[in-house]
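File shown here: structure.txt, holding compact mmCIF, C-alpha atoms.
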# COMPACT_ATOMS: atom_id res chain seq x y z
CA MET A 1 13.23 10.13 0.79
CA ALA A 2 14.28 6.76 2.04
CA ASN A 3 14.60 8.25 5.50
CA VAL A 4 10.95 9.28 5.44
CA TRP A 5 9.46 6.47 3.41
CA PRO A 6 10.13 2.95 4.53
CA SER A 7 11.95 0.99 1.85
CA VAL A 8 9.34 -1.73 2.24
CA MET A 9 6.77 0.50 0.60
CA SER A 10 6.18 -0.93 -2.84
CA ASP A 11 6.06 1.13 -6.02
CA GLU A 12 2.36 0.38 -6.24
CA GLN A 13 1.72 1.70 -2.72
CA ALA A 14 3.70 4.85 -3.50
CA MET A 15 1.81 5.27 -6.76
CA TRP A 16 -1.47 4.80 -4.95
CA ARG A 17 -0.56 7.70 -2.68
CA VAL A 18 0.34 9.82 -5.70
CA GLN A 19 -2.91 8.84 -7.36
CA MET A 20 -5.20 9.39 -4.40
CA HIS A 21 -3.51 12.20 -2.51
CA ASP A 22 -1.10 13.81 -5.01
CA ASP A 23 1.49 12.93 -2.41
CA PRO A 24 4.74 14.73 -3.41
CA GLN A 25 6.89 12.55 -1.19
CA ALA A 26 5.59 9.37 -2.73
CA PHE A 27 6.18 10.83 -6.19
CA ALA A 28 9.70 11.84 -5.19
CA GLU A 29 10.32 8.32 -3.95
CA LEU A 30 9.24 6.86 -7.30
CA VAL A 31 11.50 9.30 -9.15
CA HIS A 32 14.35 8.41 -6.84
CA ARG A 33 13.87 4.71 -7.53
CA TRP A 34 13.27 4.87 -11.27
CA GLU A 35 15.21 7.77 -12.79
CA GLU A 36 18.46 5.85 -13.13
CA PRO A 37 17.00 2.68 -14.71
CA LEU A 38 15.01 4.78 -17.19
CA ARG A 39 18.03 6.89 -18.04
CA ARG A 40 20.16 3.79 -18.59
CA MET A 41 17.59 2.10 -20.79
CA GLY A 42 17.06 5.31 -22.77
CA ALA A 43 20.79 5.76 -23.29
CA ARG A 44 21.12 2.24 -24.63
CA VAL A 45 18.12 2.48 -26.93
CA LEU A 46 18.62 6.08 -28.10
CA GLY A 47 22.42 6.10 -28.02
CA ASP A 48 22.42 9.49 -26.35
CA VAL A 49 22.49 10.04 -22.63
CA HIS A 50 21.17 13.61 -22.85
CA ARG A 51 18.14 12.52 -24.81
CA ALA A 52 17.78 9.65 -22.38
CA GLU A 53 17.64 12.14 -19.52
CA ASP A 54 15.02 14.18 -21.36
CA MET A 55 13.08 10.98 -21.97
CA ALA A 56 13.23 10.01 -18.28
CA GLN A 57 11.97 13.45 -17.25
CA GLU A 58 9.17 13.24 -19.78
CA ALA A 59 8.28 9.78 -18.47
CA PHE A 60 7.92 11.12 -14.91
CA SER A 61 5.98 14.06 -16.19
CA ARG A 62 3.58 11.61 -17.86
CA VAL A 63 3.37 9.47 -14.74
CA PHE A 64 2.28 12.52 -12.78
CA THR A 65 -0.03 13.89 -15.48
CA HIS A 66 -1.70 10.53 -16.06
CA ARG A 67 -1.62 9.36 -12.44
CA ARG A 68 -5.40 8.86 -12.41
CA ASP A 69 -5.10 6.43 -15.32
CA PHE A 70 -2.87 4.02 -13.46
CA ASP A 71 -4.64 0.74 -12.77
CA PRO A 72 -4.10 -0.02 -9.07
CA GLY A 73 -4.22 -3.74 -9.85
CA ALA A 74 -1.35 -3.46 -12.35
CA ARG A 75 2.37 -3.40 -11.70
CA PHE A 76 3.94 0.03 -11.63
CA SER A 77 7.16 -1.25 -13.21
CA THR A 78 5.30 -2.51 -16.28
CA TRP A 79 3.51 0.82 -16.62
CA ILE A 80 6.56 3.02 -16.35
CA TRP A 81 8.69 0.80 -18.61
CA ARG A 82 5.94 0.93 -21.20
CA ILE A 83 5.81 4.72 -21.00
CA ALA A 84 9.59 4.91 -21.35
CA VAL A 85 9.77 2.49 -24.27
CA ASN A 86 7.02 4.38 -26.09
CA LEU A 87 8.85 7.66 -25.54
CA CYS A 88 12.02 6.11 -26.95
CA ARG A 89 10.10 4.92 -29.99
CA ASP A 90 8.61 8.40 -30.49
CA GLU A 91 12.06 9.91 -30.26
CA LEU A 92 13.53 7.46 -32.79
CA ARG A 93 10.60 8.05 -35.11
CA ARG A 94 11.10 11.79 -34.85
CA ARG A 95 14.71 11.41 -35.75
CA GLY A 96 13.84 8.98 -38.52
CA ARG A 97 17.36 7.73 -38.64
CA ARG A 98 19.72 5.62 -36.68
CA PRO A 99 20.98 7.03 -33.43
CA GLU A 100 24.31 8.77 -33.11
CA THR A 101 27.22 6.46 -32.66
CA ALA A 102 30.12 8.70 -31.65
CA LEU A 103 31.51 7.97 -28.24
CA VAL A 104 31.70 10.63 -25.61
CA ALA A 105 32.48 8.98 -22.32
CA ASP A 106 29.96 9.54 -19.61
CA SER A 107 31.06 10.81 -16.24
CA GLY A 108 31.19 8.12 -13.64
CA GLU A 109 31.56 5.36 -16.20
CA PRO A 110 34.51 2.98 -16.47
CA GLY A 111 37.35 4.58 -18.38
CA GLN A 112 36.68 8.01 -16.98
CA GLU A 113 38.84 7.55 -13.90
CA THR A 114 42.47 8.64 -13.89
CA TRP A 115 45.01 5.83 -14.08
CA ASP A 116 47.17 5.11 -11.08
CA PRO A 117 50.29 3.10 -12.07
CA ALA A 118 50.64 1.90 -8.47
CA THR A 119 47.49 -0.15 -8.70
CA ASP A 120 46.62 -3.28 -10.66
CA ALA A 121 44.12 -1.32 -12.69
CA PRO A 122 44.52 -1.56 -16.48
CA GLY A 123 46.97 0.90 -17.96
CA PRO A 124 46.14 3.58 -20.52
CA ALA A 125 46.81 1.30 -23.50
CA GLU A 126 44.57 -1.42 -22.10
CA MET A 127 41.96 1.13 -21.18
CA VAL A 128 41.98 2.53 -24.70
CA ALA A 129 41.73 -0.97 -26.15
CA GLY A 130 38.89 -1.75 -23.78
CA LEU A 131 37.11 1.46 -24.71
CA GLU A 132 37.51 0.71 -28.40
CA ARG A 133 36.13 -2.77 -27.90
CA ALA A 134 33.22 -1.42 -25.87
CA GLU A 135 32.60 1.23 -28.52
CA ALA A 136 32.47 -1.45 -31.23
CA VAL A 137 29.95 -3.44 -29.17
CA ARG A 138 27.91 -0.33 -28.50
CA ARG A 139 27.82 0.53 -32.19
CA ALA A 140 26.74 -3.00 -32.98
CA VAL A 141 23.92 -2.73 -30.42
CA LEU A 142 22.81 0.58 -31.91
CA ARG A 143 22.73 -0.99 -35.37
CA LEU A 144 20.16 -3.51 -34.19
CA PRO A 145 16.57 -2.80 -35.22
CA GLU A 146 14.69 -0.99 -32.47
CA PRO A 147 12.51 -3.98 -31.38
CA LEU A 148 15.61 -6.12 -30.82
CA ARG A 149 17.54 -3.31 -29.13
CA VAL A 150 14.73 -2.69 -26.64
CA VAL A 151 14.67 -6.37 -25.68
CA VAL A 152 18.46 -6.38 -25.20
CA ALA A 153 18.27 -3.24 -23.05
CA LEU A 154 15.46 -4.61 -20.89
CA ARG A 155 16.64 -8.22 -20.54
CA HIS A 156 20.41 -8.05 -20.59
CA TYR A 157 21.00 -4.69 -18.94
CA GLU A 158 17.93 -4.06 -16.80
CA GLY A 159 17.35 -7.67 -15.81
CA LEU A 160 13.64 -7.89 -16.61
CA LYS A 161 12.32 -11.41 -17.00
CA PHE A 162 11.11 -12.39 -20.45
CA HIS A 163 7.50 -12.53 -19.27
CA GLU A 164 7.84 -8.99 -17.91
CA ILE A 165 9.27 -7.78 -21.22
CA ALA A 166 6.39 -9.48 -22.97
CA GLU A 167 3.97 -7.58 -20.75
CA VAL A 168 5.72 -4.23 -21.30
CA LEU A 169 5.83 -4.63 -25.07
CA ALA A 170 2.47 -6.42 -25.32
CA ILE A 171 3.98 -9.35 -27.20
CA PRO A 172 4.06 -13.10 -26.45
CA GLU A 173 6.87 -14.28 -24.19
CA GLY A 174 8.18 -16.54 -26.96
CA THR A 175 8.52 -13.48 -29.22
CA ALA A 176 10.55 -11.67 -26.56
CA LYS A 177 12.88 -14.67 -26.34
CA SER A 178 13.21 -15.09 -30.09
CA ARG A 179 14.00 -11.37 -30.43
CA MET A 180 16.75 -11.79 -27.86
CA ALA A 181 18.15 -14.80 -29.72
CA GLU A 182 18.06 -12.89 -33.00
CA ALA A 183 19.77 -9.91 -31.39
CA LEU A 184 22.55 -12.13 -30.03
CA ASP A 185 22.96 -13.82 -33.43
CA ARG A 186 23.24 -10.46 -35.21
CA LEU A 187 25.62 -9.11 -32.60
CA GLU A 188 27.78 -12.19 -32.88
CA LYS A 189 28.05 -11.75 -36.64
CA GLY A 190 28.68 -8.02 -36.28
CA LEU A 191 31.38 -8.52 -33.66
CA ARG A 192 33.18 -11.44 -35.30
CA SER A 193 36.14 -9.21 -36.12
CA LEU A 194 36.65 -8.48 -32.42
CA GLY A 195 37.15 -12.17 -31.72
CA GLU A 196 39.79 -12.38 -34.40
CA GLU A 197 41.96 -9.69 -32.80
CA MET B 198 18.23 -35.56 -32.53
CA LYS B 199 15.71 -32.86 -31.77
CA HIS B 200 17.42 -29.60 -30.86
CA PRO B 201 15.72 -27.19 -28.46
CA GLU B 202 14.53 -23.93 -30.03
CA SER B 203 16.60 -20.78 -29.56
CA GLU B 204 13.81 -19.33 -27.35
CA VAL B 205 14.25 -22.25 -24.98
CA TRP B 206 18.00 -21.65 -24.84
CA MET B 207 17.39 -17.96 -24.08
CA GLY B 208 15.35 -18.95 -21.05
CA TRP B 209 18.17 -21.25 -19.96
CA LEU B 210 20.96 -18.70 -20.59
CA TYR B 211 19.15 -16.10 -18.49
CA GLY B 212 18.26 -18.56 -15.74
CA GLU B 213 14.53 -18.57 -16.37
CA VAL B 214 13.81 -22.29 -16.69
CA ALA B 215 12.48 -24.72 -14.12
CA PRO B 216 15.07 -27.09 -12.55
CA GLU B 217 13.74 -30.11 -14.43
CA GLU B 218 13.91 -28.35 -17.79
CA ARG B 219 17.36 -27.07 -16.93
CA ARG B 220 18.57 -30.61 -16.28
CA ASP B 221 17.14 -31.79 -19.62
CA LEU B 222 18.78 -28.92 -21.50
CA GLU B 223 22.13 -29.48 -19.85
CA ALA B 224 21.95 -33.19 -20.62
CA HIS B 225 21.26 -32.34 -24.27
CA LEU B 226 24.10 -29.80 -24.32
CA ALA B 227 26.54 -32.41 -23.04
CA VAL B 228 25.96 -34.59 -26.10
CA CYS B 229 25.12 -32.09 -28.86
CA SER B 230 28.06 -30.25 -30.38
CA GLU B 231 25.77 -28.21 -32.63
CA CYS B 232 23.88 -26.73 -29.69
CA GLN B 233 27.14 -26.31 -27.79
CA GLY B 234 28.44 -24.14 -30.64
CA ARG B 235 25.33 -21.98 -30.65
CA VAL B 236 25.28 -21.59 -26.89
CA ASP B 237 29.00 -20.73 -26.79
CA GLY B 238 28.43 -18.04 -29.39
CA TRP B 239 25.56 -16.53 -27.42
CA ARG B 240 27.56 -16.66 -24.21
CA ARG B 241 30.50 -14.93 -25.87
CA THR B 242 28.22 -12.17 -27.14
CA MET B 243 26.58 -11.80 -23.74
CA GLY B 244 30.05 -11.37 -22.25
CA ARG B 245 30.81 -8.62 -24.75
CA LEU B 246 27.56 -6.86 -23.98
CA ASP B 247 28.74 -6.64 -20.38
CA GLU B 248 31.76 -4.59 -21.48
CA VAL B 249 29.65 -1.70 -22.74
CA ALA B 250 29.38 1.44 -20.69
CA VAL B 251 26.29 3.61 -20.89
CA PRO B 252 26.68 5.59 -24.11
CA CYS B 253 26.74 9.32 -24.28
CA VAL B 254 26.58 11.51 -27.34
CA GLU B 255 26.67 15.27 -27.51
CA LYS B 256 23.37 16.75 -28.47
CA ARG B 257 23.18 18.60 -31.72
CA PRO B 258 21.58 22.02 -31.57
CA LYS B 259 18.07 22.04 -32.93
CA ARG B 260 17.53 23.68 -36.30
CA ALA B 261 15.31 26.69 -35.78
CA ALA B 262 12.03 26.51 -37.69
CA TRP B 263 11.42 29.27 -40.21
CA SER B 264 8.93 31.89 -39.20
CA ALA B 265 6.23 33.47 -41.36
CA PRO B 266 8.38 36.54 -42.27
CA HIS B 267 11.04 34.15 -43.55
CA TRP B 268 8.59 32.51 -45.90
CA ALA B 269 7.26 35.93 -46.97
CA ALA B 270 10.81 37.03 -47.80
CA VAL B 271 11.34 33.87 -49.83
CA ALA B 272 8.12 34.53 -51.76
CA ALA B 273 9.13 38.16 -52.42
CA GLY B 274 12.50 36.96 -53.67
CA LEU B 275 10.79 34.55 -56.05
CA VAL B 276 8.59 37.38 -57.40
CA LEU B 277 11.67 39.50 -58.02
CA VAL B 278 13.51 36.65 -59.73
CA GLY B 279 10.49 36.02 -61.91
CA PHE B 280 10.27 39.69 -62.81
CA LEU B 281 13.95 39.95 -63.72
CA ALA B 282 13.84 36.70 -65.67
CA GLY B 283 10.89 38.09 -67.63
CA ARG B 284 12.74 41.30 -68.39
CA LEU B 285 15.85 39.47 -69.48
CA THR B 286 14.04 37.02 -71.76
CA GLY B 287 12.33 39.87 -73.59
CA VAL B 288 8.75 38.98 -72.76
CA SER B 289 6.31 41.86 -73.37
CA ARG B 290 5.12 43.95 -70.47
CA GLY B 291 1.52 42.73 -70.76
CA GLU B 292 2.51 39.07 -70.83
CA LEU B 293 4.83 39.60 -67.92
CA ALA B 294 2.08 41.35 -65.92
CA SER B 295 -0.38 38.50 -66.49
CA GLU B 296 2.29 35.89 -65.72
CA LEU B 297 3.20 37.75 -62.56
CA GLY B 298 -0.46 37.96 -61.60
CA ARG B 299 -0.87 34.20 -61.96
CA ASN B 300 2.34 33.49 -60.14
CA ARG B 301 1.51 35.98 -57.44
CA ALA B 302 -1.71 34.15 -56.60
CA ALA B 303 0.14 30.83 -56.47
CA TRP B 304 2.89 32.30 -54.35
CA MET B 305 0.42 33.92 -51.99
CA GLU B 306 -1.26 30.53 -51.53
CA GLU B 307 2.13 29.04 -50.83
CA VAL B 308 2.92 31.78 -48.33
CA GLU B 309 -0.43 31.27 -46.61
CA ALA B 310 0.12 27.51 -46.46
CA ARG B 311 3.57 28.03 -45.01
CA THR B 312 2.23 30.59 -42.54
CA ASP B 313 -0.45 28.12 -41.46
CA ALA B 314 2.23 25.49 -40.97
CA VAL B 315 4.21 27.94 -38.86
CA ARG B 316 1.07 28.76 -36.86
CA ARG B 317 0.48 25.06 -36.28
CA GLU B 318 4.06 24.71 -35.15
CA THR B 319 3.57 27.68 -32.84
CA TRP B 320 0.44 26.06 -31.45
CA GLN B 321 2.36 22.84 -30.90
CA ASP B 322 5.08 24.90 -29.25
CA ALA B 323 2.43 26.40 -26.97
CA ILE B 324 1.16 22.94 -26.05
CA GLN B 325 4.72 21.87 -25.50
CA ALA B 326 5.25 24.94 -23.30
CA VAL B 327 2.24 23.99 -21.20
CA ARG B 328 3.61 20.47 -20.88
CA GLU B 329 6.98 21.87 -19.97
CA GLU B 330 5.36 24.09 -17.39
CA GLN B 331 3.54 21.14 -15.92
CA ARG B 332 6.70 19.12 -15.89
CA GLY B 333 8.51 22.08 -14.38
CA LEU B 334 5.90 22.23 -11.64
CA ALA B 335 6.31 18.52 -10.95
CA LEU B 336 10.07 18.88 -10.83
CA GLU B 337 9.84 22.02 -8.72
CA LEU B 338 7.68 20.07 -6.33
CA LEU B 339 10.28 17.35 -6.36
CA ARG B 340 13.12 19.78 -5.68
CA GLU B 341 11.20 21.36 -2.84
CA VAL B 342 10.58 17.96 -1.34
CA ARG B 343 14.21 17.05 -1.68
CA ALA B 344 15.43 20.39 -0.30
CA GLY B 345 13.11 20.29 2.64
CA ARG B 346 13.76 16.66 3.43
CA LEU B 347 14.62 17.28 7.08
CA ALA B 348 11.77 19.68 7.58
CA ASP B 349 9.54 17.13 5.89
CA ARG B 350 10.69 14.45 8.24
CA ALA B 351 9.91 16.61 11.28
CA GLU B 352 6.55 17.44 9.76
CA TRP B 353 5.97 13.80 8.96
CA VAL B 354 6.79 12.78 12.53
CA ARG B 355 4.44 15.50 13.79
CA VAL B 356 1.67 14.25 11.51
CA VAL B 357 2.22 10.64 12.56
CA GLU B 358 2.21 11.64 16.23
CA GLY B 359 -1.00 13.62 15.66
CA MET B 360 -2.51 10.58 13.99
CA ASP B 361 -1.44 8.40 16.90
CA LEU B 362 -2.99 10.83 19.37
CA ARG B 363 -6.21 10.97 17.39
CA ARG B 364 -6.31 7.22 17.13
CA GLY B 365 -5.79 6.97 20.90
CA GLN B 366 -8.65 9.38 21.50
CA GLU B 367 -10.84 7.46 19.12
CA LEU B 368 -10.04 4.23 20.91
CA VAL B 369 -10.95 5.76 24.28
CA ALA B 370 -14.22 7.05 22.82
CA LEU B 371 -14.93 3.66 21.31
CA ARG B 372 -14.26 1.92 24.59
CA GLU B 373 -16.61 4.29 26.41
CA GLY B 374 -19.25 3.72 23.78
CA LEU B 375 -18.89 -0.01 24.12
CA ALA B 376 -19.14 0.22 27.91
CA GLU B 377 -22.31 2.26 27.59
CA LEU B 378 -23.74 -0.16 25.10
CA ALA B 379 -22.88 -3.07 27.37
CA SER B 380 -24.51 -1.28 30.28
CA HIS B 381 -27.69 -0.63 28.25
CA THR B 382 -27.67 -4.21 27.08
CA GLY B 383 -27.31 -5.35 30.71
CA VAL B 384 -30.27 -3.27 31.82
CA GLY B 385 -32.32 -4.53 28.91
CA PHE B 386 -31.35 -8.08 29.74
CA GLU B 387 -32.33 -7.68 33.38
CA THR B 388 -35.67 -6.18 32.38
CA ALA B 389 -36.33 -9.09 30.04
CA GLN B 390 -35.42 -11.57 32.76
CA THR B 391 -37.80 -9.87 35.19
CA GLN B 392 -40.59 -9.92 32.63
CA MET B 393 -39.96 -13.60 31.95
CA ARG B 394 -40.02 -14.38 35.64
CA LEU B 395 -43.34 -12.54 36.02
CA LEU B 396 -44.74 -14.33 33.01
CA ALA B 397 -43.57 -17.69 34.35
CA GLY B 398 -45.18 -16.90 37.70
CA SER B 399 -48.49 -16.04 36.11
CA LEU B 400 -48.42 -19.19 34.01
CA ALA B 401 -47.73 -21.32 37.09
CA THR B 402 -50.97 -20.13 38.71
CA THR B 403 -53.02 -20.98 35.62
CA SER B 404 -54.63 -24.41 35.32
CA TYR B 405 -54.91 -25.74 31.82
CA ASP B 406 -57.61 -28.27 32.82
CA GLU B 407 -60.14 -25.59 33.49
CA PRO B 408 -62.21 -24.60 30.49
CA LEU B 409 -61.40 -21.24 29.12
CA LYS B 410 -63.62 -18.54 30.51
CA PRO B 411 -65.38 -16.49 27.94
CA LEU B 412 -63.93 -13.09 27.57
CA LYS B 413 -65.88 -10.42 29.33
CA LYS B 414 -67.47 -7.94 27.12
CA PRO B 415 -66.04 -4.55 27.66

Do you think you could lay out the structure here as structure tokens?
Amino acid sequence: MANVWPSVMSDEQAMWRVQMHDDPQAFAELVHRWEEPLRRMGARVLGDVHRAEDMAQEAFSRVFTHRRDFDPGARFSTWIWRIAVNLCRDELRRRGRRPETALVADSGEPGQETWDPATDAPGPAEMVAGLERAEAVRRAVLRLPEPLRVVVALRHYEGLKFHEIAEVLAIPEGTAKSRMAEALDRLEKGLRSLGEE
Amino acid sequence: MKHPESEVWMGWLYGEVAPEERRDLEAHLAVCSECQGRVDGWRRTMGRLDEVAVPCVEKRPKRAAWSAPHWAAVAAGLVLVGFLAGRLTGVSRGELASELGRNRAAWMEEVEARTDAVRRETWQDAIQAVREEQRGLALELLREVRAGRLADRAEWVRVVEGMDLRRGQELVALREGLAELASHTGVGFETAQTQMRLLAGSLATTSYDEPLKPLKKP
């Protein structure tokens, strides 16, 4: 799509074309830009990359279905993040329990590559230790209450500014920051044993 | 010493404070061991968060919802159990019949309630199917767009060229229109000038000292 649509076209301009002309290319461009961030955020909040993929698809389906509702004066990123976060909340509510915590490595992620002894890359033992450490951190993140976990996913991993998170979640900016601080405090306590290794 | 709130430190840790505020916070950090400890802890945790790969968990198969025949079978089973229990406990035939009658009504209500629930679920499934279909259409559209990317580009170029051509034609038409308008305006201007000259000439031959002549009656 990038070869057809200039990269300078903003999300809002693309969305405007979807809204006004049902433009499939503009929609495809938005999917191309946003499917990976949504999938990542969903995986971190839901703890399940398959459900995260379902969530991302559902989010795009909603974007298309509710395209007329998009406020042209608003930011597309805020809108789509809000849709995605709400879908994650619905999913967690449906499950009514904490997300799964077993680790099944994702393809293309660190640790999935084969080890080459000729390189300086970490060896199998280090890789296993690293994976175990990462798994412990991931479990700790998944144990966080959903409001804190969402803030961690959006600020730490997706790089949204606190004021943007505040807009997505419809909370004051100070609340977004205090949630982040609380999340880091809880994680620090939960991961204290890792530091003692 | 007044320590900055944790929210303020979050802004600083994620690089979201103004330069002046950043300088103040760093000056405070240099002299406050308590805040240093907190900030170090947060930094350590942030570093650990960076080690985490995107998680992935195998999906569990969904538990199939029971259908109406299932609930009917359960109800029939309960009737049978009730009947056998009655026989075994030595209850008289008449008592058993009336008990069964009462229970039957209750069970039938239960079955109907369960059937309604299943119907509702089916309706929700239908709605879900429509949504799925819509999503499928959107994704199909997306796939088609992706598959036909090159063809799209050619088509896009053709459309843009067509638009350029049309715009060129419109510009030519506009220019002609403007020329015509200018020409009409020029003619109108010349006419006005002529009329003004005539008027000026007639005024020059009129003496204002002479008394006005009465208008002739028609």

>> At a cut-off of 10 Å, using all atoms listed in the file, what residues contact stretch 215-226 of chain B? Leave out same-chain residues fewer than 2 positions from it and give the result as a PyMOL selection string.
In response: chain B and resi 198-201+205-206+208-210+212-213+228-234+236

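Across the model, the gap from atom CA of B:Glu329 to atom CA of A:Asp54 is 11.2 Å.
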
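Distances to chain A were evaluated for B:Glu367, B:Glu248, B:Asp237, B:Glu377 using only C-alpha atoms, and the minimum falls at B:Glu248.
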
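Pairwise distance (atom CA of B:Asp313, atom CA of A:Arg94) equals 21.1 Å.
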
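For the choices B:Met305, B:Ala351, B:Val369, B:Ala376, the atom-to-atom distance to chain A is smallest for B:Ala351 when using all atoms listed in the file.
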
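For the set A:Pro72, A:Arg82, A:Ala28, A:Gly96, the residue with the smallest atom-to-atom gap to chain B is A:Ala28, counting all atoms listed in the file.
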
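The closest residue to chain A, picked from B:Gly374, B:Gly298, B:Gly333, B:Gly291 and counting all atoms listed in the file, is B:Gly333.
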
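Minimum distance to B:Glu204 across A:Arg179, A:Lys189, A:Arg67, A:Arg155 (counting all atoms listed in the file) occurs at A:Arg179.
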
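Across A:Phe70, A:Trp79, A:Trp34, A:Phe64, the tightest approach to chain B is made by A:Phe64 when counting only C-alpha atoms.
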